[in-house]
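Step one of this worksheet: look at the structure below.
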Amino acid sequence: MRVVVTAACLAWGTGLGAAPASSPVDWVNTYIGTGGGGVDYGGSMPVVTTPFGMTNWTAQTRQNRISVTSYAYEDTQIQGFIGTHQAAIWMGDYGYVTLMPEIGSISYAPESRQQPFSHEDETSTPYYYAVTMGKGEDHRIKTEMTATDHASHLRFTFPLKSKASVLIEGTRQHINGEVSIDPARHEISGYNPDRMDAHLGPLALPNFKGYFVVRFRQPFSARTVYQGVLTVPGTDTVAGDNVGAFVSFDTSTSGVVEAQVGTSFISIEQARANLDAEMPDWNFEARRDALKAAWNAKLGIATLEGASDDERHVFYSALYHALLYPKLFSEHGRYYSAFDDKVHEGESYTAYSIWDTFRAENSLITLFAPERVDGMIKALLQNYQEGGWMPKWPNPSYTNIMIGTHADALVAEAVNKGFKGFDWNLAWAAVHKDATVPPDGDTTRRWFDREPHTPYEARAGLTWSSKIGYIPDDKISESASSTQEESFDDYAVAEVARALGRNDDAAFFRKRSLAYKNLWNPKRGFMQARNLDGSWAAPDRGWTEGDQWVYLFAALHDIPGVMNLMGGPAKAAAKLDEHFHGGHNRHDNEPSHHYGYLYDYFGQPWKTQERVRQLARDAYSNTPNGVLGNEDCGQMSAWYVFTAMGFYPVNPVSGQYMIGSPIYGGVTLNLPNGKVFSVKSANASAANVYIQSATLNGKPLDEPVITWAQIQAGGELSFVMGPKPSRWAAGWRPAAM
């Protein structure tokens with residue numbers, strides 16, 4: 001059951017009710033996607049962090065784990081304030097640290113130390129979080145947070161003359177770590193080696209640790225370390241299971257206690273260096289204002305015209321979510337590699353939910369944060385050099401989650417869009433290995449999703465598909481989905497080869513990218529899994545988070561080819577009608593994200609316009625339940641941002657965007673390259689969803705397509721909208737491969 005909370009209920013919690021929004025970040029509602037409970041809700045947290053920041057800071061209303069994030073809107077108790085690296089609800093955290101202010105006797109366990117709070121006493125923005133918690137005036141504690149890439153500044157305000165302490169939880173039960181107090185420096189340091197997803201990948205990583213240094217502005221009036229629920233007297237250092245520290249402060253003249261937390265995956269010394277570099281003073285307001293400016297610089301790339309308040313909240317909140325991932329994993333020129341367990345020079349990123357994000361999230365980054373793209377691709381190539389393969393879902397190491405090798409698509413998209421800050425020949429070696437080298441034990445494993453302690457999965461079943469043109473269902477799990485998605489990956493590999501002038505390789509992989517056709521069952525009119533001997537498997541076999549409807553149009557690189565298998569555009573459109581009318585579309589999961597745009601290919605673009613508007617209305621809202629399904633590291637939000645602007649990357653590698661139905665009267669992109677690209681939509685409204693005519697830079701646009709190059713060149717895309725379907729762009733016919 002979903003908890004329904006109206007936008008009006010959010011005014012106090014977001015800080016938006018007190019004053020009109022005056023800058024883009026003021027429109028962000030960090031609570032969107034935090035409500036409802038369970039793995040089927042947005043799974044977002046109201047985090048304070050920089051764009052793509054390494055460590056995110058949030059109130060901990062529950063102890064997080066795989067399938068549980070630290071914050072849920074419906075909770076009424078706070079257990080602490082956590083520096084988390086958990087990127088998605090269905091992933092685990094790693095190397096985290098938690099602080100909790102307390103009054104009176106110290107409580108150690110999360111359930112015993114938790115304090116009540118109300119959203120009315122809470123302010124949450126991307127750059128500043130504050131909450132007042134506790135019962136009774138003599139036990140009310142205010143906590144404020146702001147952040148930098150690798151650190152956080154916290155300010156606790158206790159009642160005067162209270163017995164004020166701050167607990168630092170270094171590790172939890174069954175996790176061995178270390179915590180040490182240095183009273184001369186007013187510091188607590190330590191490490192937490194927990195990797196909740198460690199069982200999902202092949203690497204042990206004995207050197208992995210999440211290091212922290214907590215520096216207080218005030219001296220300690222008392223201090224102790226603890227293990228479990230017992231203090232450890234006579235020492236300032238404790239190592240072992242479930243360890244931490246707490247320190248007390250004199251509040252006779254001031255109740256304000258300030259702490260700065262530096263985090264690192266390299267060492268305690270590096271955590272301290274990160275803290276020194278990013279927080280050289282104790283000016284909380286200046287740091288908060290700097291973070292606000294950083295978010296406004298990114299969010300302000302897009303300006304809206306003719307949007308309602310709720311629409312502005314949804315748009316800028318979606319953009320905020322999309323600009324959190326992937327997460328920075330390097331620390332001022334160095335990084336720990338979770339692929340060879342060593343420290344290297346350079347730039348690194350992690351938390352690529354690639355099966356989700358290759359569809360639109362990464363395309364959005366090329367528009368809004370192109371300065372990050374080279375570093376993000378270099379990070380994947382470093383993973384390849386250090387671990388042997390580019391990852392599917394680094395968190396921060398191999399996890400073998402989901403199917404395909406869609407890092408190929410990220411590389412190919414960057415190559416096709418002209419990003420040159422990484423080694424294209426190294427990129428070729430990485431994608432070529434994905435496409436040609438089977439994983440260890442390929443023919444002796446079923447390769448189930450989340451199967452623990454397996455070798456890196458790469459393209460499971462490649463041994464078989466290289467010989468027979470598809471992955472056999474009686475040998476490999478999720479075979480039908482993998483065959484189709486890896487056909488797209490082969491297309492991506494072909495595009496990298498083409499860019500490098502490797503024409504024979506390009507032709508080979510382009511031909512192999514049509515292998516999806518081997519699953520077409522003309523008698524049933526669906527794709528269908530096949531066994532090694534060529535026989536058809538049961539229709540419900542071989543799918544990944546979907547079924548035969550969801551994977552009917554999975555060949556993103558060759559939608560016209562799928563259309564031709566069905567007998568042409570009219571029959572394909574009729575099948576798509578049946579898909580939607582029969583309730584088969586699942587916008588809460590990524591394989592359905594392009595479906596609304598498919599009518600563009602079939603000569604019925606007015607149906608695309610109708611469908612994408614409907615999806616945007618039904619799946620997104622300015623409420624805690626305002627994301628249908630998991631946020632999935634920005635992909636759900638990226639779909640909305642693109643759709644609101646009026647175009648979407650069905651085939652992201654191609655650099656083409658299919659046109660839908662722009663929601664607002666205008667969107668202006670002040671592009672990082674200095675150009676300005678505007679979308680103007682005359683008469684746009686909730687009723688006027690249909691495009692009547694379109695121009696690009698004053699010239700008629702009769703195709704439902706624009707390109708990356710056209711956007712980057714700047715200009716104006718203009719639509720005239722109306723309440724009834726028109727024949728605009730109905731004559732366009734895309735070419736099959």
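The way I read the labels, and the way they are meant: chains A, B, ... in the order of the structure tokens, residue 1 as the first residue of every chain, and ligand 1 as the first ligand shown, with later ones counted on from there.
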Which residues of region 453-564 of chain A sit at most 12 Å from region 399-413 of chain A, using only C-alpha atoms? Give each one's shortest atom pair and distance in Å (one decimal place), in chain and ascending residue order, as a Markdown table.
```
| residue | atom | partner | partner_atom | distance |
| --- | --- | --- | --- | --- |
| A:His453 | CA | A:Thr399 | CA | 9.2 |
| A:Thr454 | CA | A:Asn400 | CA | 8.1 |
| A:Pro455 | CA | A:Asn400 | CA | 8.4 |
| A:Tyr456 | CA | A:Asn400 | CA | 6.3 |
| A:Glu457 | CA | A:Asn400 | CA | 5.8 |
| A:Ala458 | CA | A:Thr405 | CA | 6.2 |
| A:Arg459 | CA | A:Gly404 | CA | 5.7 |
| A:Ala460 | CA | A:Gly404 | CA | 7.9 |
| A:Gly461 | CA | A:Gly404 | CA | 10.4 |
| A:Leu462 | CA | A:Gly404 | CA | 10.4 |
| A:Ile471 | CA | A:Gly404 | CA | 11.7 |
| A:Ile476 | CA | A:Ile403 | CA | 11.5 |
| A:Ser477 | CA | A:Ile403 | CA | 10.0 |
| A:Glu478 | CA | A:Ile403 | CA | 8.0 |
| A:Ser479 | CA | A:Ile403 | CA | 9.4 |
| A:Ala480 | CA | A:Ile403 | CA | 10.8 |
| A:Ser481 | CA | A:Ile403 | CA | 8.0 |
| A:Ser482 | CA | A:Gly404 | CA | 6.0 |
| A:Thr483 | CA | A:Gly404 | CA | 8.5 |
| A:Gln484 | CA | A:Gly404 | CA | 9.1 |
| A:Glu485 | CA | A:Gly404 | CA | 6.1 |
| A:Glu486 | CA | A:Gly404 | CA | 5.5 |
| A:Ser487 | CA | A:Gly404 | CA | 9.2 |
| A:Phe488 | CA | A:Ala409 | CA | 8.1 |
| A:Asp489 | CA | A:Asp408 | CA | 6.0 |
| A:Asp490 | CA | A:Asp408 | CA | 8.2 |
| A:Tyr491 | CA | A:Ala409 | CA | 8.5 |
| A:Ala492 | CA | A:Ala409 | CA | 5.2 |
| A:Val493 | CA | A:Asp408 | CA | 6.3 |
| A:Ala494 | CA | A:Ala412 | CA | 8.6 |
| A:Glu495 | CA | A:Ala412 | CA | 6.1 |
| A:Val496 | CA | A:Ala412 | CA | 5.4 |
| A:Ala497 | CA | A:Ala412 | CA | 9.2 |
| A:Arg498 | CA | A:Ala412 | CA | 10.0 |
| A:Ala499 | CA | A:Ala412 | CA | 9.0 |
| A:Leu500 | CA | A:Ala412 | CA | 11.1 |
| A:Gly542 | CA | A:Ile403 | CA | 11.6 |
| A:Trp543 | CA | A:Ile403 | CA | 10.4 |
| A:Thr544 | CA | A:Met402 | CA | 8.0 |
| A:Glu545 | CA | A:Met402 | CA | 9.5 |
| A:Leu556 | CA | A:Ala409 | CA | 11.3 |
| A:His557 | CA | A:Ala409 | CA | 10.9 |
```
Residue neighbourhood Gln614 (chain A), 12 Å, only C-alpha atoms, exclusion window fewer than 3 positions, as a PyMOL selection string: chain A and resi 580+587+596+607-611+617-620+640+643-644+660-661+663+686-687+689
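Using only C-alpha atoms, the shortest contact distance between Gly561 (chain A) and any of A:Ile103, A:Leu299, A:Ala735, A:Ala322 is found at A:Ala735.
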Do a neighbour search on Glu386 (chain A) at 10 Å with only C-alpha atoms, toss out local chain neighbours closer than 6 positions, and write the hits as a ChimeraX atom specification. /A:337-342,380
Go ahead and dump the residues you just picked, N, CA, C and O atoms, as a CSV table (one decimal), in the first residue's frame.
```csv
chain,number,residue,atom,x,y,z
A,337,SER,N,41.4,1.3,-6.1
A,337,SER,CA,40.7,0.5,-7.1
A,337,SER,C,40.1,-0.8,-6.4
A,337,SER,O,40.8,-1.6,-5.8
A,338,ALA,N,38.8,-0.9,-6.6
A,338,ALA,CA,38.1,-2.1,-6.0
A,338,ALA,C,38.2,-3.3,-7.1
A,338,ALA,O,37.4,-4.2,-7.0
A,339,PHE,N,39.1,-3.2,-8.0
A,339,PHE,CA,39.3,-4.2,-9.0
A,339,PHE,C,40.7,-4.9,-8.9
A,339,PHE,O,40.8,-6.0,-9.3
A,340,ASP,N,41.7,-4.2,-8.3
A,340,ASP,CA,43.0,-4.8,-8.1
A,340,ASP,C,43.4,-4.6,-6.6
A,340,ASP,O,44.5,-5.0,-6.3
A,341,ASP,N,42.6,-3.9,-5.8
A,341,ASP,CA,42.8,-3.7,-4.4
A,341,ASP,C,44.1,-2.8,-4.1
A,341,ASP,O,44.7,-3.0,-3.1
A,342,LYS,N,44.4,-1.9,-5.1
A,342,LYS,CA,45.5,-1.0,-5.0
A,342,LYS,C,45.1,0.4,-5.1
A,342,LYS,O,44.0,0.7,-5.6
A,380,LEU,N,35.8,3.4,-16.3
A,380,LEU,CA,35.4,2.0,-16.8
A,380,LEU,C,36.6,1.3,-17.4
A,380,LEU,O,36.8,0.1,-17.3
```
Could you name the residues that touch region 699-706 of chain A at 7 Å or less, counting only C-alpha atoms, but leaving out those on the same chain fewer than 4 positions away, as an MDAnalysis selection string? chainID A and resid 600 656:659 694:695 710 728:729 732
Preceding selection exported with all heavy atoms as a CSV table (one decimal), in the first residue's frame:
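As a result, part.csv now contains:
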```csv
chain,number,residue,atom,x,y,z
A,600,ASP,N,6.6,6.7,-33.2
A,600,ASP,CA,7.4,7.6,-34.1
A,600,ASP,C,7.9,6.8,-35.3
A,600,ASP,O,7.9,7.3,-36.5
A,600,ASP,CB,8.5,8.3,-33.4
A,600,ASP,CG,8.2,9.5,-32.7
A,600,ASP,OD1,7.0,9.9,-32.8
A,600,ASP,OD2,9.0,10.0,-31.9
A,656,GLN,N,20.8,10.1,-31.7
A,656,GLN,CA,19.5,10.6,-32.2
A,656,GLN,C,18.6,10.6,-31.0
A,656,GLN,O,18.6,9.8,-30.1
A,656,GLN,CB,19.0,9.7,-33.3
A,656,GLN,CG,19.7,9.8,-34.6
A,656,GLN,CD,19.0,9.0,-35.7
A,656,GLN,OE1,18.3,8.0,-35.4
A,656,GLN,NE2,19.2,9.4,-36.9
A,657,TYR,N,17.6,11.6,-31.0
A,657,TYR,CA,16.6,11.7,-30.0
A,657,TYR,C,15.2,11.7,-30.7
A,657,TYR,O,15.0,12.5,-31.6
A,657,TYR,CB,16.8,13.0,-29.2
A,657,TYR,CG,18.0,13.1,-28.4
A,657,TYR,CD1,19.2,13.6,-29.0
A,657,TYR,CD2,18.1,12.6,-27.1
A,657,TYR,CE1,20.4,13.7,-28.3
A,657,TYR,CE2,19.3,12.7,-26.4
A,657,TYR,CZ,20.4,13.2,-27.0
A,657,TYR,OH,21.6,13.3,-26.3
A,658,MET,N,14.4,10.8,-30.3
A,658,MET,CA,13.0,10.8,-30.9
A,658,MET,C,12.1,11.8,-30.2
A,658,MET,O,12.2,12.0,-29.0
A,658,MET,CB,12.4,9.4,-30.7
A,658,MET,CG,13.3,8.3,-31.3
A,658,MET,SD,13.8,8.5,-33.0
A,658,MET,CE,12.2,8.5,-33.9
A,659,ILE,N,11.3,12.5,-31.0
A,659,ILE,CA,10.5,13.6,-30.5
A,659,ILE,C,9.2,13.0,-29.9
A,659,ILE,O,8.6,12.2,-30.5
A,659,ILE,CB,10.2,14.6,-31.6
A,659,ILE,CG1,11.5,15.4,-31.9
A,659,ILE,CG2,9.2,15.6,-31.1
A,659,ILE,CD1,11.5,16.3,-33.0
A,694,ALA,N,6.2,21.8,-36.7
A,694,ALA,CA,7.5,22.0,-36.0
A,694,ALA,C,8.5,22.6,-36.9
A,694,ALA,O,8.5,22.4,-38.1
A,694,ALA,CB,8.0,20.6,-35.5
A,695,THR,N,9.4,23.4,-36.4
A,695,THR,CA,10.5,24.0,-37.1
A,695,THR,C,11.8,23.8,-36.3
A,695,THR,O,11.7,23.8,-35.0
A,695,THR,CB,10.3,25.5,-37.4
A,695,THR,OG1,10.2,26.2,-36.2
A,695,THR,CG2,9.1,25.7,-38.3
A,710,GLN,N,22.8,18.7,-33.5
A,710,GLN,CA,22.0,19.8,-33.7
A,710,GLN,C,21.8,20.5,-32.4
A,710,GLN,O,21.7,21.8,-32.3
A,710,GLN,CB,20.6,19.4,-34.3
A,710,GLN,CG,20.7,18.9,-35.7
A,710,GLN,CD,19.4,18.2,-36.2
A,710,GLN,OE1,18.7,17.6,-35.4
A,710,GLN,NE2,19.1,18.3,-37.5
A,728,TRP,N,1.5,15.5,-38.5
A,728,TRP,CA,2.9,15.9,-38.5
A,728,TRP,C,3.8,14.7,-38.4
A,728,TRP,O,3.6,13.9,-37.5
A,728,TRP,CB,3.1,16.9,-37.3
A,728,TRP,CG,4.6,17.2,-37.2
A,728,TRP,CD1,5.2,18.2,-37.9
A,728,TRP,CD2,5.5,16.6,-36.3
A,728,TRP,NE1,6.6,18.2,-37.5
A,728,TRP,CE2,6.8,17.2,-36.5
A,728,TRP,CE3,5.4,15.6,-35.3
A,728,TRP,CZ2,7.9,16.9,-35.8
A,728,TRP,CZ3,6.6,15.3,-34.6
A,728,TRP,CH2,7.8,15.9,-34.9
A,729,ALA,N,4.8,14.7,-39.2
A,729,ALA,CA,5.9,13.6,-39.2
A,729,ALA,C,5.4,12.2,-39.5
A,729,ALA,O,6.1,11.3,-39.3
A,729,ALA,CB,6.7,13.7,-38.0
A,732,TRP,N,7.4,10.0,-42.1
A,732,TRP,CA,8.8,9.6,-41.9
A,732,TRP,C,8.9,8.1,-41.8
A,732,TRP,O,8.1,7.4,-41.1
A,732,TRP,CB,9.3,10.3,-40.7
A,732,TRP,CG,10.8,9.9,-40.4
A,732,TRP,CD1,11.8,10.3,-41.1
A,732,TRP,CD2,11.2,9.1,-39.3
A,732,TRP,NE1,13.0,9.8,-40.5
A,732,TRP,CE2,12.6,9.0,-39.4
A,732,TRP,CE3,10.6,8.4,-38.3
A,732,TRP,CZ2,13.4,8.3,-38.5
A,732,TRP,CZ3,11.4,7.7,-37.4
A,732,TRP,CH2,12.8,7.7,-37.5
```
I need the residues in region 221-415 of chain A that are strand (DSSP E) according to DSSP; give them as a PyMOL selection string. chain A and resi 222-227+230-232+237-241+243-249+256-264+302-305+327-328+334-336+343-345+349-350
Could you write out the selected residues, including C-alpha atoms, as a PDB file, in the first residue's frame?
```pdb
ATOM      1  CA  ALA A 222      34.818  13.324  28.348  1.00  0.00           C
ATOM      2  CA  ARG A 223      35.533  10.504  25.952  1.00  0.00           C
ATOM      3  CA  THR A 224      35.434   6.743  25.607  1.00  0.00           C
ATOM      4  CA  VAL A 225      35.425   3.987  23.014  1.00  0.00           C
ATOM      5  CA  TYR A 226      32.978   1.117  23.033  1.00  0.00           C
ATOM      6  CA  GLN A 227      32.388  -2.347  21.619  1.00  0.00           C
ATOM      7  CA  LEU A 230      29.990  -1.852  26.612  1.00  0.00           C
ATOM      8  CA  THR A 231      32.596   0.862  27.073  1.00  0.00           C
ATOM      9  CA  VAL A 232      36.253  -0.132  26.841  1.00  0.00           C
ATOM     10  CA  THR A 237      41.539   2.845  20.585  1.00  0.00           C
ATOM     11  CA  VAL A 238      39.298  -0.145  20.022  1.00  0.00           C
ATOM     12  CA  ALA A 239      39.322  -2.740  17.269  1.00  0.00           C
ATOM     13  CA  GLY A 240      36.877  -5.526  16.579  1.00  0.00           C
ATOM     14  CA  ASP A 241      33.219  -6.153  15.979  1.00  0.00           C
ATOM     15  CA  VAL A 243      32.964  -0.613  17.602  1.00  0.00           C
ATOM     16  CA  GLY A 244      32.638   3.126  18.020  1.00  0.00           C
ATOM     17  CA  ALA A 245      33.288   6.094  20.248  1.00  0.00           C
ATOM     18  CA  PHE A 246      31.443   8.850  21.987  1.00  0.00           C
ATOM     19  CA  VAL A 247      32.653  12.201  23.190  1.00  0.00           C
ATOM     20  CA  SER A 248      30.997  14.725  25.508  1.00  0.00           C
ATOM     21  CA  PHE A 249      31.070  18.530  25.531  1.00  0.00           C
ATOM     22  CA  VAL A 256      26.576  24.464  19.683  1.00  0.00           C
ATOM     23  CA  VAL A 257      28.891  21.566  18.823  1.00  0.00           C
ATOM     24  CA  GLU A 258      30.401  21.367  15.331  1.00  0.00           C
ATOM     25  CA  ALA A 259      31.888  18.352  13.578  1.00  0.00           C
ATOM     26  CA  GLN A 260      33.493  17.880  10.187  1.00  0.00           C
ATOM     27  CA  VAL A 261      33.802  14.391   8.724  1.00  0.00           C
ATOM     28  CA  GLY A 262      36.333  13.478   6.066  1.00  0.00           C
ATOM     29  CA  THR A 263      35.893  10.185   4.219  1.00  0.00           C
ATOM     30  CA  SER A 264      38.301   8.141   2.117  1.00  0.00           C
ATOM     31  CA  ALA A 302      17.826  24.263 -17.893  1.00  0.00           C
ATOM     32  CA  THR A 303      15.305  27.076 -17.489  1.00  0.00           C
ATOM     33  CA  LEU A 304      11.567  26.505 -17.844  1.00  0.00           C
ATOM     34  CA  GLU A 305       8.747  28.629 -19.179  1.00  0.00           C
ATOM     35  CA  LYS A 327      29.544   8.753  -7.976  1.00  0.00           C
ATOM     36  CA  LEU A 328      33.032  10.185  -7.733  1.00  0.00           C
ATOM     37  CA  ARG A 334      44.252   9.374  -6.410  1.00  0.00           C
ATOM     38  CA  TYR A 335      41.833   6.495  -6.108  1.00  0.00           C
ATOM     39  CA  TYR A 336      41.539   3.091  -4.520  1.00  0.00           C
ATOM     40  CA  VAL A 343      45.807   2.733  -4.932  1.00  0.00           C
ATOM     41  CA  HIS A 344      46.418   4.507  -8.249  1.00  0.00           C
ATOM     42  CA  GLU A 345      46.897   7.991  -9.585  1.00  0.00           C
ATOM     43  CA  TYR A 349      33.847   6.909 -10.578  1.00  0.00           C
ATOM     44  CA  THR A 350      31.586   4.113  -9.351  1.00  0.00           C
TER      45      THR A 350
END
```
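Here CA of Thr98 (chain A) is placed at a distance of 10.7 Å from CA of Asn192 (chain A).
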Write out as a VMD selection string which residues come within 8 Å of Arg140 (chain A) when counting only C-alpha atoms, dropping same-chain ones fewer than 5 positions away. chain A and resid 132 to 135 158 to 159
Next, write the just-selected residues to a file, as a compact mmCIF listing (two decimals), in the first residue's frame, keeping N, CA, C and O atoms as the atom set.
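Result went into selection-v4.txt, see below:
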```
# COMPACT_ATOMS: atom_id res chain seq x y z
N THR A 132 15.11 19.09 13.94
CA THR A 132 15.10 19.15 15.40
C THR A 132 14.35 17.92 15.89
O THR A 132 13.21 17.67 15.48
N MET A 133 15.00 17.15 16.74
CA MET A 133 14.42 15.88 17.18
C MET A 133 14.49 15.79 18.70
O MET A 133 15.22 16.52 19.36
N GLY A 134 13.70 14.85 19.24
CA GLY A 134 13.70 14.61 20.67
C GLY A 134 12.41 15.04 21.33
O GLY A 134 11.63 15.82 20.79
N LYS A 135 12.17 14.52 22.53
CA LYS A 135 10.97 14.82 23.30
C LYS A 135 11.29 15.82 24.39
O LYS A 135 12.26 15.67 25.12
N PHE A 158 22.52 21.81 21.14
CA PHE A 158 21.93 21.18 22.32
C PHE A 158 21.34 22.26 23.24
O PHE A 158 21.75 23.43 23.17
N PRO A 159 20.44 21.90 24.11
CA PRO A 159 20.00 22.85 25.15
C PRO A 159 21.19 23.24 26.03
O PRO A 159 22.09 22.42 26.28
```
Which of region 195-431 of chain A fall in helix (DSSP H, G or I), as a PyMOL selection string: chain A and resi 198-200+268-278+284-299+309-322+354-357+361-368+370-387+407-416+424-431
Could you list, as a PyMOL selection string, every residue within 8 Å of region 69-83 of chain A, counting only C-alpha atoms and ignoring same-chain residues fewer than 4 positions away? chain A and resi 3+31+34-37+43-46+55-65+88-89+96-101+110-111+113-118+133+624
Using N, CA and C atoms, can you export the residues from the last selection as a tab-separated table (two decimals), in the first residue's frame?
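What follows is the written file out-v3.tsv:
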```tsv
chain	number	residue	atom	x	y	z
A	3	VAL	N	1.69	5.19	0.58
A	3	VAL	CA	1.28	6.34	1.38
A	3	VAL	C	1.15	7.54	0.46
A	31	TYR	N	12.35	14.90	-1.16
A	31	TYR	CA	11.53	13.80	-0.65
A	31	TYR	C	10.91	12.95	-1.75
A	34	THR	N	11.05	8.97	-1.74
A	34	THR	CA	11.46	8.46	-0.43
A	34	THR	C	10.33	7.78	0.32
A	35	GLY	N	9.12	7.74	-0.23
A	35	GLY	CA	7.98	7.21	0.51
A	35	GLY	C	7.47	5.90	-0.02
A	36	GLY	N	6.66	5.24	0.77
A	36	GLY	CA	5.97	4.05	0.31
A	36	GLY	C	6.48	2.76	0.87
A	37	GLY	N	7.78	2.69	1.19
A	37	GLY	CA	8.35	1.48	1.78
A	37	GLY	C	8.49	0.35	0.79
A	43	GLY	N	13.01	4.45	-3.60
A	43	GLY	CA	14.30	4.06	-3.04
A	43	GLY	C	15.29	5.20	-2.98
A	44	SER	N	14.81	6.44	-3.06
A	44	SER	CA	15.69	7.59	-2.99
A	44	SER	C	15.85	8.04	-1.54
A	45	MET	N	16.87	8.85	-1.32
A	45	MET	CA	17.09	9.44	0.00
A	45	MET	C	17.27	10.94	-0.18
A	46	PRO	N	16.89	11.74	0.84
A	46	PRO	CA	17.09	13.19	0.76
A	46	PRO	C	18.53	13.54	1.10
A	55	THR	N	30.50	10.80	-1.19
A	55	THR	CA	29.78	10.40	0.01
A	55	THR	C	28.53	11.25	0.15
A	56	ASN	N	27.39	10.59	0.35
A	56	ASN	CA	26.11	11.27	0.52
A	56	ASN	C	25.73	11.27	2.00
A	57	TRP	N	25.12	12.36	2.45
A	57	TRP	CA	24.79	12.52	3.86
A	57	TRP	C	23.28	12.65	4.03
A	58	THR	N	22.73	11.85	4.92
A	58	THR	CA	21.29	11.85	5.13
A	58	THR	C	20.96	11.43	6.55
A	59	ALA	N	19.78	11.79	6.99
A	59	ALA	CA	19.29	11.27	8.27
A	59	ALA	C	19.02	9.78	8.13
A	60	GLN	N	19.40	9.02	9.14
A	60	GLN	CA	19.18	7.57	9.14
A	60	GLN	C	17.94	7.28	9.97
A	61	THR	N	16.83	6.97	9.30
A	61	THR	CA	15.60	6.63	10.01
A	61	THR	C	15.44	5.13	10.19
A	62	ARG	N	16.29	4.36	9.54
A	62	ARG	CA	16.33	2.91	9.69
A	62	ARG	C	17.72	2.44	9.29
A	63	GLN	N	18.13	1.30	9.80
A	63	GLN	CA	19.46	0.80	9.47
A	63	GLN	C	19.42	0.19	8.07
A	64	ASN	N	20.23	0.74	7.19
A	64	ASN	CA	20.16	0.31	5.80
A	64	ASN	C	20.84	-1.04	5.58
A	65	ARG	N	20.47	-1.67	4.50
A	65	ARG	CA	21.03	-2.94	4.04
A	65	ARG	C	20.56	-3.14	2.61
A	88	ALA	N	21.47	2.66	-4.61
A	88	ALA	CA	20.13	2.21	-5.00
A	88	ALA	C	19.60	1.29	-3.93
A	89	ILE	N	18.29	1.22	-3.81
A	89	ILE	CA	17.70	0.44	-2.72
A	89	ILE	C	18.07	-1.03	-2.81
A	96	TYR	N	30.64	3.01	5.22
A	96	TYR	CA	29.81	4.09	5.74
A	96	TYR	C	30.22	4.46	7.17
A	97	VAL	N	29.76	5.61	7.65
A	97	VAL	CA	29.99	6.04	9.02
A	97	VAL	C	28.77	6.82	9.50
A	98	THR	N	28.43	6.69	10.79
A	98	THR	CA	27.22	7.32	11.34
A	98	THR	C	27.56	8.10	12.60
A	99	LEU	N	26.95	9.28	12.72
A	99	LEU	CA	27.07	10.11	13.92
A	99	LEU	C	25.68	10.29	14.52
A	100	MET	N	25.60	10.36	15.86
A	100	MET	CA	24.34	10.60	16.52
A	100	MET	C	24.54	11.46	17.76
A	101	PRO	N	23.93	12.65	17.81
A	101	PRO	CA	23.99	13.47	19.03
A	101	PRO	C	23.04	12.91	20.09
A	110	PRO	N	21.01	1.23	17.47
A	110	PRO	CA	20.16	2.16	16.72
A	110	PRO	C	18.76	2.28	17.30
A	111	GLU	N	18.17	1.17	17.74
A	111	GLU	CA	16.80	1.20	18.23
A	111	GLU	C	16.69	1.91	19.58
A	113	ARG	N	18.91	4.34	20.68
A	113	ARG	CA	19.36	5.73	20.60
A	113	ARG	C	18.45	6.61	19.74
A	114	GLN	N	17.51	6.01	19.03
A	114	GLN	CA	16.69	6.79	18.10
A	114	GLN	C	15.83	7.82	18.84
A	115	GLN	N	15.56	8.93	18.14
A	115	GLN	CA	14.79	10.03	18.70
A	115	GLN	C	13.64	10.39	17.75
A	116	PRO	N	12.49	10.77	18.31
A	116	PRO	CA	11.34	11.11	17.45
A	116	PRO	C	11.58	12.44	16.73
A	117	PHE	N	10.97	12.56	15.55
A	117	PHE	CA	11.03	13.81	14.81
A	117	PHE	C	9.77	13.94	13.97
A	118	SER	N	9.53	15.14	13.50
A	118	SER	CA	8.40	15.43	12.62
A	118	SER	C	8.93	16.12	11.38
A	133	MET	N	15.00	17.15	16.74
A	133	MET	CA	14.42	15.88	17.18
A	133	MET	C	14.49	15.79	18.70
A	624	PRO	N	6.17	12.25	-1.93
A	624	PRO	CA	7.16	11.24	-1.56
A	624	PRO	C	7.08	9.97	-2.40
```
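Among the candidates A:Ser466, A:Asn630, A:Asn296, A:Asn425, the one nearest to Gly501 (chain A) when counting only C-alpha atoms is A:Asn425.
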I want to know what sits within 12 Å of region 676-678 of chain A, based on only C-alpha atoms, with residues of the same chain fewer than 6 positions away left out; could you give that as a PyMOL selection string? chain A and resi 301-305+367+645-646+662+664-670+695-697+706+708-719
Select, from A:Met54, A:Ala164, A:Ala570, A:Ile175, the residue with the minimum atom-to-atom distance to Glu102 (chain A), counting only C-alpha atoms. A:Ala164
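CA of Phe216 (chain A) to CA of Glu187 (chain A) spans 6.2 Å [interatomic distance, one decimal].
Among the candidate residues A:Asp423, A:Glu122, A:Asp250, A:Asp289, the one lying nearest to Pro219 (chain A) is A:Asp250, with distances computed using only C-alpha atoms.
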